[in-house]
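Here the structure comes first, spelled out in structure tokens, and everything after it is commentary.
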Amino acid sequence: MDALVLTLIALGSIALLLLLIIRFQVPAFIALILVSVGTALATGMPFAEIIPTITEGLGGTLGSVALLVGLGAMLGAIIEHSGGADALSRRFARILGPARVGAALLIASSVIATPIFFDVAFIILVPIIYAFSRAARLPSPMSIGLPIAGLMLFIHVVVPPHPGIVGSSAILEADMGLVTLLGCALVVPVGFVAHYTARLLNRRVYTVLPETLARYSEGQSADPGDGTGPQGPDDSGPSGQGETGPSGTRSADQGGGSVKAPARTEPQAPPGTGSVLTIILVPIAMIGLQTVGSAFLAEGSAALGLLTMLGAPPFALLTGCLLAVYLLGVRRGWSMRSVGRVMEGALAPAAIVVFVTGAGGAFAKVLSESGIGDALSGGLLGLGIPLLLLAFVLAALLRAAQGSATVSAITTAGLLASTVSEGGYSSVEIALINLAIGCGAICLSHVNDSGFWIVSRYLGLQVADALRTWTVLVTVLGTTGFGLVCLVWALV
């Protein structure tokens with residue numbers, strides 16, 4: 001089929017997908033499957049091959065995503081229910097002192113956001129943000145809360161086990177260890193940018209929403225355990241759906257809905273900071289050790305084989321879960337029944353993320369097998385647009401159009417899959433392409449993204465002010481991350 005026709009079909013498919021999700025509020029899983037079937041038919045794919053192609057794409061993606069999202073869900077749930085996030089934040093604040101509370105909470109948030117999805121992690125920190133803002137006699141929680149929210153979202157889109165970066169990595173067959181290490185490395189400089197950009201944005205005084213001001217002034221912030229949370233303008237958000245975070249709540253990725261964090265259970269005493277850090281950092285260290293070891297150990301050696309198993313992201317996350325069960329649960333007096341209930345409770349809602357990501361993989365497979373990916377990316381590359389820039393721009397445009405970082409990342413990966421697989425790129429370059437996609441997927445958050453409503457309502461921002469601050473901040477962070485990715489690309 002002619003490349004121009006294939007390109008038009010691709011654009012029509014994406015437009016239809018956006019229409020179904022945004023206008024008609026069709027669940028993302030159903031919308032992606034319907035559009036996959038329609039795209040296959042439009043490109044003339046034989047009838048007998050359509051369902052097997054969709055099944056292959058969905059199954060191939062789920063093979064990588066299900067383990068990571070499921071284990072990440074359970075790990076995040078234990079940290080959340082045990083009060084580990086609170087303990088970590090307060091400890092960092094005590095270490096750095098009252099004058100550096102903002103920086104302390106920013107550092108703590110970067111650690112907390114690694115295993116916990118953005119919306120849940122941010123809501124957990126809201127009472128702490130309010131408390132320290134009041135102690136510093138700030139007129140609103142904006143100064144402390146804005147950079148924390150921005151950095152948490154950045155981590156959500158570039159660091160596994162979050163579903164967007166995991167899904168795109170699975171489609172492009174990237175080395176998850178490299179993606180994890182490079183993503184974590186990006187967080188440090190982007191954290192500085194988040195801090196100083198937020199300071200510039202906060203030079204202006206913003207009118208605080210009355211309901212937020214009342215809650216903030218009276219010291220009655222929305223406790224993550226009370227089930228109250230901000231809502232979009234119609235209680236269902238722009239698209240009437242949401243993705244599920246690891247702790248069993250809906251993610252801010254797709255739009256709307258009130259976000260509720262489950263009440264904590266036994267025990268009530270907060271865990272030690274060292275225990276929480278160990279649980280989060282050990283899996284990252286295991287993945288890093290495997291990635292570094294593969295560069296120095298002989299191919300086929302027993303040592304490399306052992307490191308390959310121990311450093312595989314699913315095994316590393318499993319280790320983190322087992323550590324959490326013991327350090328945050330059993331050792332502190334939790335019964336195994338309580339621990340099991342928390343972990344199992346995280347799996348049911350996390351299944352939504354798994355299936356949406358799998359459906360995105362099915363759509364990506366159809367785009368690849370039909371030749372659309374080659375036609376579209378080849379045509380754009382023929383215009384002289386570098387592949388890395390193309391990955392960033394496509395993800396940013398899709399993000400702006402429909403609000404979901406996960407859907408935009410997976411769709412972009414599907415469009416570029418053929419070009420990447422046939423381009424002879426190294427494992428490091430493929431990892432950087434995935435990070436460029438992630439950096440694009442954070443940009444341009446606005447009213448069709450429920451994360452926009454969560455941040456604006458908790459920080460007390462009018463819509464116009466949220467566009468001036470939150471949208472600008474996340475776009476700056478995404479662009480900064482992309483600039484750093486380009487720098488590394490030039491060096492390798």
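Chain labels run A, B, ... following the order of the structure tokens; each chain numbers its residues from 1, and ligands are numbered from 1 in the order shown.
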Distance query segment 106-116 of chain A at most 6 Å, only C-alpha atoms, self and fewer than 4 positions along chain excluded, as a PyMOL selection string:
chain A and resi 72+76+89+121+148+152+246
As a list in words, please: all residues of segment 243-453 of chain A that backbone DSSP puts in strand (DSSP E).
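Those residues are Glu243, Thr244, Arg250 and Ser251 of chain A.
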Quote the spacing between atom CA of Gly360 of chain A and atom CA of Ala170 of chain A in Å to one decimal place.
11.0 Å
Considering only C-alpha atoms, return as a VMD selection string whatever protein or nucleic-acid residues lie within 9 Å of Ile433 of chain A, sequence-local ones (same chain, fewer than 5 positions apart) excluded.
chain A and resid 172 387 to 388 391 to 392 420 428 438 485
Given only C-alpha atoms as the basis, pick out the residue of A:Leu151, A:Ser82, A:Leu310, A:Gly423 nearest to Arg331 of chain A.
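The answer is A:Ser82, which sits nearest to Arg331 of chain A.
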